[in-house]
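entry.cif follows; it contains mmCIF, C-alpha atoms and all ligand atoms.
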```
data_work
#
loop_
_atom_site.group_PDB
_atom_site.id
_atom_site.type_symbol
_atom_site.label_atom_id
_atom_site.label_comp_id
_atom_site.auth_asym_id
_atom_site.auth_seq_id
_atom_site.Cartn_x
_atom_site.Cartn_y
_atom_site.Cartn_z
ATOM 1 C CA MET A 865 -32.149 14.911 6.687
ATOM 2 C CA THR A 866 -34.635 17.761 6.906
ATOM 3 C CA ASP A 867 -35.755 17.075 10.483
ATOM 4 C CA PRO A 868 -33.762 19.577 12.573
ATOM 5 C CA GLY A 869 -33.779 17.279 15.598
ATOM 6 C CA ALA A 870 -32.267 14.451 13.600
ATOM 7 C CA ALA A 871 -29.651 16.817 12.184
ATOM 8 C CA THR A 872 -28.708 17.973 15.678
ATOM 9 C CA SER A 873 -28.302 14.463 16.989
ATOM 10 C CA ARG A 874 -26.335 13.378 13.913
ATOM 11 C CA ARG A 875 -23.980 16.287 14.449
ATOM 12 C CA ALA A 876 -23.572 15.362 18.126
ATOM 13 C CA GLU A 877 -22.795 11.785 17.128
ATOM 14 C CA ILE A 878 -20.137 12.923 14.639
ATOM 15 C CA GLN A 879 -18.685 15.253 17.281
ATOM 16 C CA ARG A 880 -18.362 12.326 19.741
ATOM 17 C CA HIS A 881 -16.614 10.217 17.132
ATOM 18 C CA LEU A 882 -14.284 13.064 16.193
ATOM 19 C CA ASP A 883 -13.414 13.528 19.865
ATOM 20 C CA ALA A 884 -12.648 9.824 20.221
ATOM 21 C CA ILE A 885 -10.395 9.894 17.134
ATOM 22 C CA GLU A 886 -8.665 12.983 18.462
ATOM 23 C CA ASP A 887 -7.954 11.088 21.714
ATOM 24 C CA ARG A 888 -6.516 8.158 19.768
ATOM 25 C CA ILE A 889 -4.310 10.458 17.663
ATOM 26 C CA THR A 890 -3.114 12.398 20.712
ATOM 27 C CA SER A 891 -2.179 9.327 22.685
ATOM 28 C CA ALA A 892 -0.499 7.645 19.713
ATOM 29 C CA CYS A 893 1.573 10.803 19.242
ATOM 30 C CA GLN A 894 2.474 10.875 22.935
ATOM 31 C CA GLN A 895 3.475 7.225 22.939
ATOM 32 C CA THR A 896 5.751 7.641 19.942
ATOM 33 C CA GLY A 897 7.243 11.025 20.819
ATOM 34 C CA ARG A 898 5.604 12.866 17.968
ATOM 35 C CA ASP A 899 4.041 16.284 18.055
ATOM 36 C CA ARG A 900 0.302 16.342 17.405
ATOM 37 C CA SER A 901 0.843 19.063 14.799
ATOM 38 C CA GLU A 902 2.773 16.604 12.599
ATOM 39 C CA VAL A 903 -0.356 14.569 11.905
ATOM 40 C CA GLU A 904 -3.353 15.719 9.898
ATOM 41 C CA LEU A 905 -6.737 14.080 9.819
ATOM 42 C CA VAL A 906 -8.548 13.643 6.514
ATOM 43 C CA VAL A 907 -12.131 12.527 7.063
ATOM 44 C CA ILE A 908 -13.258 10.113 4.346
ATOM 45 C CA THR A 909 -16.876 10.919 3.537
ATOM 46 C CA LYS A 910 -17.501 8.320 0.815
ATOM 47 C CA ASN A 911 -20.983 6.748 0.966
ATOM 48 C CA PHE A 912 -22.195 9.506 3.277
ATOM 49 C CA PRO A 913 -24.336 12.443 2.211
ATOM 50 C CA ARG A 914 -23.471 16.100 1.828
ATOM 51 C CA GLU A 915 -25.245 16.839 5.119
ATOM 52 C CA ASP A 916 -22.514 14.907 6.924
ATOM 53 C CA VAL A 917 -19.821 16.867 5.100
ATOM 54 C CA ASP A 918 -21.527 20.070 6.230
ATOM 55 C CA HIS A 919 -21.652 18.796 9.845
ATOM 56 C CA LEU A 920 -17.931 18.008 9.689
ATOM 57 C CA ILE A 921 -17.142 21.471 8.351
ATOM 58 C CA GLU A 922 -19.235 23.086 11.099
ATOM 59 C CA LEU A 923 -17.253 21.010 13.590
ATOM 60 C CA GLY A 924 -13.982 22.374 12.249
ATOM 61 C CA VAL A 925 -12.860 19.683 9.801
ATOM 62 C CA ARG A 926 -11.051 21.199 6.828
ATOM 63 C CA ASP A 927 -9.851 18.071 4.974
ATOM 64 C CA VAL A 928 -12.368 15.661 3.459
ATOM 65 C CA GLY A 929 -11.738 12.700 1.178
ATOM 66 C CA GLU A 930 -13.733 10.776 -1.393
ATOM 67 C CA ASN A 931 -13.017 7.704 -3.494
ATOM 68 C CA LYS A 932 -15.345 7.984 -6.484
ATOM 69 C CA ALA A 933 -15.068 10.846 -8.939
ATOM 70 C CA GLN A 934 -18.700 11.224 -9.908
ATOM 71 C CA GLU A 935 -20.119 10.726 -6.420
ATOM 72 C CA ALA A 936 -17.627 13.255 -5.086
ATOM 73 C CA HIS A 937 -18.404 15.823 -7.770
ATOM 74 C CA ALA A 938 -22.153 15.473 -7.250
ATOM 75 C CA LYS A 939 -21.805 15.807 -3.487
ATOM 76 C CA LEU A 940 -19.124 18.463 -3.169
ATOM 77 C CA VAL A 941 -19.712 20.617 -6.258
ATOM 78 C CA ASP A 942 -23.239 20.136 -7.624
ATOM 79 C CA GLU A 943 -24.818 20.327 -4.159
ATOM 80 C CA GLY A 944 -23.221 23.734 -3.610
ATOM 81 C CA PRO A 945 -19.746 25.121 -3.083
ATOM 82 C CA LEU A 946 -17.653 24.237 -0.033
ATOM 83 C CA PRO A 947 -16.013 26.989 2.022
ATOM 84 C CA GLY A 948 -12.836 28.143 0.276
ATOM 85 C CA ASP A 949 -10.517 26.773 2.965
ATOM 86 C CA VAL A 950 -11.757 23.178 2.710
ATOM 87 C CA ARG A 951 -9.386 20.815 0.905
ATOM 88 C CA VAL A 952 -10.801 17.886 -1.049
ATOM 89 C CA HIS A 953 -8.666 14.736 -1.163
ATOM 90 C CA PHE A 954 -9.245 12.030 -3.743
ATOM 91 C CA VAL A 955 -8.250 8.624 -2.375
ATOM 92 C CA GLY A 956 -9.877 6.108 -4.716
ATOM 93 C CA GLN A 957 -8.689 4.293 -7.771
ATOM 94 C CA LEU A 958 -8.829 6.672 -10.661
ATOM 95 C CA GLN A 959 -9.585 5.984 -14.302
ATOM 96 C CA SER A 960 -7.844 8.334 -16.689
ATOM 97 C CA ASN A 961 -11.155 9.413 -18.239
ATOM 98 C CA LYS A 962 -12.220 10.749 -14.805
ATOM 99 C CA ALA A 963 -8.946 12.521 -14.105
ATOM 100 C CA GLY A 964 -10.085 15.763 -15.706
ATOM 101 C CA LEU A 965 -13.185 15.837 -13.514
ATOM 102 C CA VAL A 966 -11.099 15.207 -10.385
ATOM 103 C CA ALA A 967 -8.520 17.839 -11.348
ATOM 104 C CA GLY A 968 -11.314 20.388 -11.603
ATOM 105 C CA PHE A 969 -12.344 20.309 -7.933
ATOM 106 C CA CYS A 970 -9.943 18.210 -5.835
ATOM 107 C CA HIS A 971 -6.800 19.567 -4.201
ATOM 108 C CA VAL A 972 -4.807 16.424 -3.420
ATOM 109 C CA VAL A 973 -4.941 13.077 -5.244
ATOM 110 C CA HIS A 974 -3.613 10.241 -3.050
ATOM 111 C CA SER A 975 -3.995 7.484 -5.631
ATOM 112 C CA VAL A 976 -1.542 8.434 -8.368
ATOM 113 C CA ASP A 977 -0.111 5.104 -9.485
ATOM 114 C CA ARG A 978 0.685 5.147 -13.208
ATOM 115 C CA PRO A 979 1.972 7.445 -15.950
ATOM 116 C CA LYS A 980 -1.376 7.694 -17.739
ATOM 117 C CA ILE A 981 -3.004 9.105 -14.596
ATOM 118 C CA VAL A 982 -0.181 11.601 -14.088
ATOM 119 C CA ARG A 983 -0.592 12.943 -17.621
ATOM 120 C CA ALA A 984 -4.383 13.053 -17.438
ATOM 121 C CA LEU A 985 -4.363 14.862 -14.072
ATOM 122 C CA ALA A 986 -1.761 17.333 -15.317
ATOM 123 C CA LYS A 987 -3.822 18.084 -18.403
ATOM 124 C CA GLY A 988 -6.952 18.539 -16.305
ATOM 125 C CA ALA A 989 -5.213 20.818 -13.822
ATOM 126 C CA ARG A 990 -3.782 22.940 -16.635
ATOM 127 C CA SER A 991 -7.102 23.379 -18.366
ATOM 128 C CA ALA A 992 -8.840 24.203 -15.075
ATOM 129 C CA ASP A 993 -5.933 26.515 -14.170
ATOM 130 C CA ARG A 994 -5.645 24.866 -10.740
ATOM 131 C CA ASP A 995 -2.767 23.682 -8.570
ATOM 132 C CA LEU A 996 -3.004 19.976 -7.868
ATOM 133 C CA SER A 997 -0.925 17.894 -5.480
ATOM 134 C CA ALA A 998 -0.096 14.306 -6.343
ATOM 135 C CA VAL A 999 0.592 11.581 -3.791
ATOM 136 C CA ILE A 1000 2.006 8.361 -5.167
ATOM 137 C CA GLN A 1001 0.114 5.314 -3.995
ATOM 138 C CA VAL A 1002 2.387 2.362 -3.349
ATOM 139 C CA ASP A 1003 1.309 -1.264 -3.569
ATOM 140 C CA LEU A 1004 3.460 -2.498 -0.704
ATOM 141 C CA ASP A 1005 3.245 -6.222 -1.231
ATOM 142 C CA GLY A 1006 2.343 -6.488 -4.901
ATOM 143 C CA THR A 1007 -0.730 -8.464 -3.945
ATOM 144 C CA ASN A 1008 -3.348 -5.763 -3.768
ATOM 145 C CA PRO A 1009 -5.204 -6.404 -7.010
ATOM 146 C CA GLY A 1010 -8.079 -4.030 -7.365
ATOM 147 C CA ARG A 1011 -6.775 -1.646 -4.741
ATOM 148 C CA GLY A 1012 -4.282 0.176 -6.922
ATOM 149 C CA GLY A 1013 -0.786 1.365 -6.273
ATOM 150 C CA ALA A 1014 2.581 1.502 -8.022
ATOM 151 C CA LEU A 1015 5.154 -1.151 -7.264
ATOM 152 C CA PRO A 1016 7.904 0.183 -4.975
ATOM 153 C CA GLY A 1017 10.426 0.094 -7.820
ATOM 154 C CA ASP A 1018 8.202 2.317 -9.969
ATOM 155 C CA VAL A 1019 7.794 5.089 -7.400
ATOM 156 C CA MET A 1020 10.886 7.097 -8.339
ATOM 157 C CA PRO A 1021 10.287 7.333 -12.114
ATOM 158 C CA LEU A 1022 6.629 8.152 -11.437
ATOM 159 C CA ALA A 1023 7.675 10.913 -9.037
ATOM 160 C CA ASP A 1024 9.954 12.402 -11.689
ATOM 161 C CA LEU A 1025 7.070 12.307 -14.159
ATOM 162 C CA VAL A 1026 4.790 14.100 -11.670
ATOM 163 C CA VAL A 1027 7.320 16.915 -11.350
ATOM 164 C CA ASP A 1028 8.006 17.076 -15.095
ATOM 165 C CA ASN A 1029 4.272 17.432 -15.741
ATOM 166 C CA GLY A 1030 3.928 20.386 -13.393
ATOM 167 C CA LEU A 1031 1.933 18.714 -10.625
ATOM 168 C CA GLY A 1032 2.933 19.218 -6.996
ATOM 169 C CA LEU A 1033 4.737 16.130 -5.720
ATOM 170 C CA ALA A 1034 3.391 15.765 -2.187
ATOM 171 C CA GLY A 1035 4.569 12.319 -1.043
ATOM 172 C CA VAL A 1036 3.452 8.712 -0.792
ATOM 173 C CA MET A 1037 0.338 6.811 0.251
ATOM 174 C CA ALA A 1038 -0.473 3.202 1.069
ATOM 175 C CA VAL A 1039 -3.254 1.007 2.332
ATOM 176 C CA ALA A 1040 -2.053 -1.761 4.643
ATOM 177 C CA PRO A 1041 -2.544 -5.229 3.129
ATOM 178 C CA ARG A 1042 -5.842 -6.760 4.184
ATOM 179 C CA ASP A 1043 -4.359 -9.835 5.844
ATOM 180 C CA GLY A 1044 -0.891 -8.505 6.479
ATOM 181 C CA ASP A 1045 0.796 -6.766 9.331
ATOM 182 C CA ALA A 1046 0.156 -3.017 9.271
ATOM 183 C CA ASP A 1047 3.336 -2.205 11.176
ATOM 184 C CA THR A 1048 5.537 -3.981 8.633
ATOM 185 C CA ALA A 1049 3.658 -2.341 5.768
ATOM 186 C CA PHE A 1050 3.958 1.165 7.206
ATOM 187 C CA ALA A 1051 7.652 0.604 7.979
ATOM 188 C CA ARG A 1052 8.199 -0.198 4.292
ATOM 189 C CA LEU A 1053 6.261 2.893 3.294
ATOM 190 C CA ALA A 1054 8.501 4.970 5.595
ATOM 191 C CA ASP A 1055 11.595 3.572 3.851
ATOM 192 C CA ILE A 1056 10.141 4.442 0.441
ATOM 193 C CA SER A 1057 9.287 7.934 1.680
ATOM 194 C CA ARG A 1058 12.852 8.436 2.949
ATOM 195 C CA ALA A 1059 14.325 7.380 -0.393
ATOM 196 C CA LEU A 1060 11.925 9.648 -2.270
ATOM 197 C CA ARG A 1061 12.775 12.638 -0.086
ATOM 198 C CA GLU A 1062 16.479 12.246 -0.858
ATOM 199 C CA VAL A 1063 15.651 13.149 -4.450
ATOM 200 C CA HIS A 1064 12.515 15.253 -3.906
ATOM 201 C CA PRO A 1065 12.818 16.874 -0.458
ATOM 202 C CA GLN A 1066 9.409 18.551 -0.784
ATOM 203 C CA ALA A 1067 7.596 15.195 -0.904
ATOM 204 C CA VAL A 1068 7.097 14.997 2.861
ATOM 205 C CA MET A 1069 3.569 13.651 2.980
ATOM 206 C CA VAL A 1070 3.024 10.096 4.207
ATOM 207 C CA SER A 1071 -0.653 9.205 3.800
ATOM 208 C CA ALA A 1072 -1.257 6.094 5.883
ATOM 209 C CA GLY A 1073 -3.575 4.874 8.597
ATOM 210 C CA MET A 1074 -7.323 4.350 8.591
ATOM 211 C CA SER A 1075 -9.915 3.692 11.302
ATOM 212 C CA GLY A 1076 -8.367 0.361 12.255
ATOM 213 C CA ASP A 1077 -4.645 1.060 12.064
ATOM 214 C CA LEU A 1078 -4.009 4.736 12.668
ATOM 215 C CA GLU A 1079 -1.841 4.044 15.750
ATOM 216 C CA GLN A 1080 0.554 1.864 13.749
ATOM 217 C CA ALA A 1081 0.659 4.505 11.013
ATOM 218 C CA ILE A 1082 1.478 7.299 13.470
ATOM 219 C CA ALA A 1083 4.238 5.148 14.974
ATOM 220 C CA ARG A 1084 5.752 4.785 11.502
ATOM 221 C CA GLY A 1085 5.663 8.464 10.604
ATOM 222 C CA ALA A 1086 2.300 9.052 8.924
ATOM 223 C CA THR A 1087 1.560 12.714 8.288
ATOM 224 C CA HIS A 1088 -1.994 12.257 6.967
ATOM 225 C CA LEU A 1089 -4.535 9.782 8.338
ATOM 226 C CA ARG A 1090 -7.546 8.834 6.211
ATOM 227 C CA VAL A 1091 -10.345 7.997 8.620
ATOM 228 C CA GLY A 1092 -13.890 7.169 7.559
ATOM 229 C CA SER A 1093 -15.972 4.605 9.424
ATOM 230 C CA ALA A 1094 -14.721 5.480 12.919
ATOM 231 C CA ILE A 1095 -16.164 8.968 12.425
ATOM 232 C CA LEU A 1096 -19.198 8.555 10.168
ATOM 233 C CA GLY A 1097 -20.122 4.931 10.855
ATOM 234 C CA SER A 1098 -20.063 1.794 8.792
ATOM 235 C CA ARG A 1099 -23.443 2.059 7.125
ATOM 236 C CA GLN A 1100 -23.269 1.708 3.366
ATOM 237 C CA SER A 1101 -25.101 4.885 2.618
ATOM 238 C CA HIS A 1102 -27.409 7.427 4.212
ATOM 239 C CA ARG A 1103 -29.031 8.323 0.935
HETATM 240 C C1 LIG B 1 -12.509 4.175 2.725
HETATM 241 C C2 LIG B 1 -11.088 4.513 2.707
HETATM 242 C C3 LIG B 1 -10.435 4.954 3.872
HETATM 243 C C4 LIG B 1 -11.141 5.053 5.208
HETATM 244 O O1 LIG B 1 -11.252 3.776 5.743
HETATM 245 P P1 LIG B 1 -11.978 3.516 7.149
HETATM 246 O O2 LIG B 1 -11.555 2.143 7.493
HETATM 247 O O3 LIG B 1 -13.435 3.670 6.904
HETATM 248 O O4 LIG B 1 -11.437 4.513 8.107
HETATM 249 C C5 LIG B 1 -9.105 5.284 3.769
HETATM 250 N N1 LIG B 1 -8.427 5.177 2.600
HETATM 251 C C6 LIG B 1 -9.004 4.764 1.473
HETATM 252 C C7 LIG B 1 -8.200 4.673 0.227
HETATM 253 C C8 LIG B 1 -10.357 4.406 1.484
HETATM 254 O O5 LIG B 1 -10.931 3.989 0.352
#
```

structure tokens encoding of this file:
Amino acid sequence: MTDPGAATSRRAEIQRHLDAIEDRITSACQQTGRDRSEVELVVITKNFPREDVDHLIELGVRDVGENKAQEAHAKLVDEGPLPGDVRVHFVGQLQSNKAGLVAGFCHVVHSVDRPKIVRALAKGARSADRDLSAVIQVDLDGTNPGRGGALPGDVMPLADLVVDNGLGLAGVMAVAPRDGDADTAFARLADISRALREVHPQAVMVSAGMSGDLEQAIARGATHLRVGSAILGSRQSHR
């Protein structure tokens, strides 16, 4: 996107979408008696180019998320450093051989779902001398093959392992089942979060809610929304 006119109109389009999402978040908070400050927006920039990340940052976004390690590294590191106050969230399924790469530039990993990943992230964070926060992804119905997540019964031992390995235990994450009821799913996630916080009070983060179900997530206590297509569009790629 070298044409300055195109860049200006793309930025205006993103601004409109951000405003619309902000309206949805504000009214969902009002309807459920929550304070707007309890909910943070992470903009998922997967499949969209670095130019869009730069537009978002210019528009005030400070939390961006990606789901593929190499694409994210190319876009957010190789194409030039991000401002120091921007946090990079990793939300995709992670292979342990990519964990070191992720630990070198991401701040929060939302998709921690098995011991091997915990150990690999911890090793990567140690060798990069970086603090890394881990969010445990929960497979709420056990029928999310290919989408990742620990079974609810495995969350507690995994959380202990996160702490023992020196990662920051931030909380829990889930994706609502494709054909299921988002409200029921997010209610289950809230129960799991409550149980986790009894043992690990610092693990307050509840990462839930995407473009299509952020209202249900806010109603069930989400603290971090992961919104992509409603802000950047549904095109596969701008590259
Ligand atoms: C892509 C993605 C999102 C964003 O989804 P949209 O429906 O585009 O808002 C959120 N979470 C995860 C894990 C994703 O992969």

- Using the chain letters and numbering of this document, enumerate as a ChimeraX atom specification the residues selected by the PyMOL selection byres (((chain A and resi 909) around 8) and not hetatm). /A:907-908,910-913,916-917,928-930,1092,1096

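With distances taken over all atoms listed in the file, A:Val955 is the one residue among A:Val955, A:Ala984, A:Leu905, A:Leu1015 lying closest to ligand LIG 1 (chain B).
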
- Tell me which protein, DNA and RNA residues are within 9 Å of Asp927 in chain A, counting all atoms listed in the file, leaving out same-chain ones fewer than 5 positions away, and put them as a list in words. Glu904, Leu905, Val906, Val907, Ile908, Ile921, Asp949, Val950, Arg951, Val952 and His953 of chain A

Keeping only C-alpha atoms, write those residues as a short mmCIF file (atom, residue, chain, number, x, y, z; two decimals), in the frame of the given file.
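As a result, part36.cif now contains:
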```
data_model
loop_
_atom_site.label_atom_id
_atom_site.label_comp_id
_atom_site.auth_asym_id
_atom_site.auth_seq_id
_atom_site.Cartn_x
_atom_site.Cartn_y
_atom_site.Cartn_z
CA GLU A 904 -3.35 15.72 9.90
CA LEU A 905 -6.74 14.08 9.82
CA VAL A 906 -8.55 13.64 6.51
CA VAL A 907 -12.13 12.53 7.06
CA ILE A 908 -13.26 10.11 4.35
CA ILE A 921 -17.14 21.47 8.35
CA ASP A 949 -10.52 26.77 2.96
CA VAL A 950 -11.76 23.18 2.71
CA ARG A 951 -9.39 20.82 0.90
CA VAL A 952 -10.80 17.89 -1.05
CA HIS A 953 -8.67 14.74 -1.16
#
```

- Selection dump of the PyMOL selection byres (((chain A and resi 1032) around 8) and not hetatm), as a VMD selection string: chain A and resid 995 to 998 1026 to 1027 1030 to 1031 1033 to 1034

- Message: Using only C-alpha atoms and all ligand atoms for the distances, tell me which of A:Ser873, A:Asn961, A:Ser1071, A:Gln894 is nearest to ligand LIG 1 (chain B).
- Response: A:Ser1071

Ligand LIG 1 (chain B): which residues are within 8 Å, counting all atoms listed in the file, as a JSON list (two decimals) with C-alpha atoms, in the coordinates of the input?
```json
[["chain", "number", "residue", "atom", "x", "y", "z"],
["A", 907, "VAL", "CA", -12.13, 12.53, 7.06],
["A", 908, "ILE", "CA", -13.26, 10.11, 4.35],
["A", 910, "LYS", "CA", -17.50, 8.32, 0.82],
["A", 930, "GLU", "CA", -13.73, 10.78, -1.39],
["A", 931, "ASN", "CA", -13.02, 7.70, -3.49],
["A", 955, "VAL", "CA", -8.25, 8.62, -2.38],
["A", 956, "GLY", "CA", -9.88, 6.11, -4.72],
["A", 974, "HIS", "CA", -3.61, 10.24, -3.05],
["A", 975, "SER", "CA", -4.00, 7.48, -5.63],
["A", 1038, "ALA", "CA", -0.47, 3.20, 1.07],
["A", 1039, "VAL", "CA", -3.25, 1.01, 2.33],
["A", 1072, "ALA", "CA", -1.26, 6.09, 5.88],
["A", 1073, "GLY", "CA", -3.58, 4.87, 8.60],
["A", 1074, "MET", "CA", -7.32, 4.35, 8.59],
["A", 1075, "SER", "CA", -9.91, 3.69, 11.30],
["A", 1076, "GLY", "CA", -8.37, 0.36, 12.26],
["A", 1089, "LEU", "CA", -4.54, 9.78, 8.34],
["A", 1090, "ARG", "CA", -7.55, 8.83, 6.21],
["A", 1091, "VAL", "CA", -10.34, 8.00, 8.62],
["A", 1092, "GLY", "CA", -13.89, 7.17, 7.56],
["A", 1093, "SER", "CA", -15.97, 4.61, 9.42],
["A", 1094, "ALA", "CA", -14.72, 5.48, 12.92],
["A", 1095, "ILE", "CA", -16.16, 8.97, 12.42],
["A", 1097, "GLY", "CA", -20.12, 4.93, 10.86],
["A", 1098, "SER", "CA", -20.06, 1.79, 8.79]]
```

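Here CA of Arg994 in chain A stands at a distance of 25.1 Å from CA of Val1063 in chain A.
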
For the point (-23.1, 23.1, -0.5) in file coordinates, what residues are within 12 Å, counting only C-alpha atoms? Give the answer as a short mmCIF file (atom, residue, chain, number, x, y, z; two decimals) with C-alpha atoms, keeping the file's coordinate frame?
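Final file, out.cif:
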```cif
data_model
loop_
_atom_site.label_atom_id
_atom_site.label_comp_id
_atom_site.auth_asym_id
_atom_site.auth_seq_id
_atom_site.Cartn_x
_atom_site.Cartn_y
_atom_site.Cartn_z
CA PRO A 913 -24.34 12.44 2.21
CA ARG A 914 -23.47 16.10 1.83
CA GLU A 915 -25.24 16.84 5.12
CA ASP A 916 -22.51 14.91 6.92
CA VAL A 917 -19.82 16.87 5.10
CA ASP A 918 -21.53 20.07 6.23
CA HIS A 919 -21.65 18.80 9.85
CA ILE A 921 -17.14 21.47 8.35
CA HIS A 937 -18.40 15.82 -7.77
CA ALA A 938 -22.15 15.47 -7.25
CA LYS A 939 -21.80 15.81 -3.49
CA LEU A 940 -19.12 18.46 -3.17
CA VAL A 941 -19.71 20.62 -6.26
CA ASP A 942 -23.24 20.14 -7.62
CA GLU A 943 -24.82 20.33 -4.16
CA GLY A 944 -23.22 23.73 -3.61
CA PRO A 945 -19.75 25.12 -3.08
CA LEU A 946 -17.65 24.24 -0.03
CA PRO A 947 -16.01 26.99 2.02
CA GLY A 948 -12.84 28.14 0.28
CA VAL A 950 -11.76 23.18 2.71
#
```

- Query: What lies within 10 Å of Gly988 in chain A using only C-alpha atoms, ignoring chain neighbours under 5 positions off, as JSON, numbers by chain?
  - Reply: {"A": [962, 963, 964, 965, 966, 967, 968, 982, 983, 993, 994, 996]}

- In terms of only C-alpha atoms, the residue from A:Ala876, A:Val903, A:Val1002, A:Ile889 at minimal distance from Glu1079 in chain A is A:Ile889

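With CA of Leu1022 in chain A on one side and CA of Gly1006 in chain A on the other, the separation reads 16.6 Å.
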
- So how far away is CA of Arg1084 in chain A from CA of Phe1050 in chain A, in Å? 5.9 Å

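Each of A:Asp1005, A:Ser891, A:Glu1062, A:Ala1067 was compared to Asp1043 in chain A using all atoms listed in the file, and A:Asp1005 turns out to be the nearest.
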
- For the structure shown, which residues end up in the PyMOL selection byres (((chain A and resi 1057) around 12) and not hetatm)? Put them as a PyMOL selection string, please? chain A and resi 999-1002+1016+1019-1020+1023+1033-1038+1050-1056+1058-1072+1084-1087

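Distance annotation: of A:Gly1017, A:Thr890, A:Gln895, A:Asp883, the residue with the minimal separation from Val925 in chain A is A:Asp883; atom set is all atoms listed in the file.
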
- Item | Counting all atoms listed in the file, the option among A:Ile981, A:Leu882, A:Leu1025, A:Val973 closest to Leu920 in chain A | A:Leu882

- Query: Which neighbours of Pro1041 in chain A fall inside 9 Å, counting all atoms listed in the file, when residues of the same chain fewer than 3 positions from it are skipped, and could you give them as an NGL selection string?
  - Reply: :A and (1003-1005 or 1007-1008 or 1038 or 1044-1046 or 1049)

Would you place a box with edges along x, y and z of the file around all atoms of range 926-937 of chain A listed there, add 5 Å to each of its six sides, and report the centre and edge lengths in Å to one decimal, as AutoDock Vina command-line options?
```
--center_x -15.0 --center_y 14.5 --center_z -1.5 --size_x 20.3 --size_y 23.5 --size_z 26.7
```
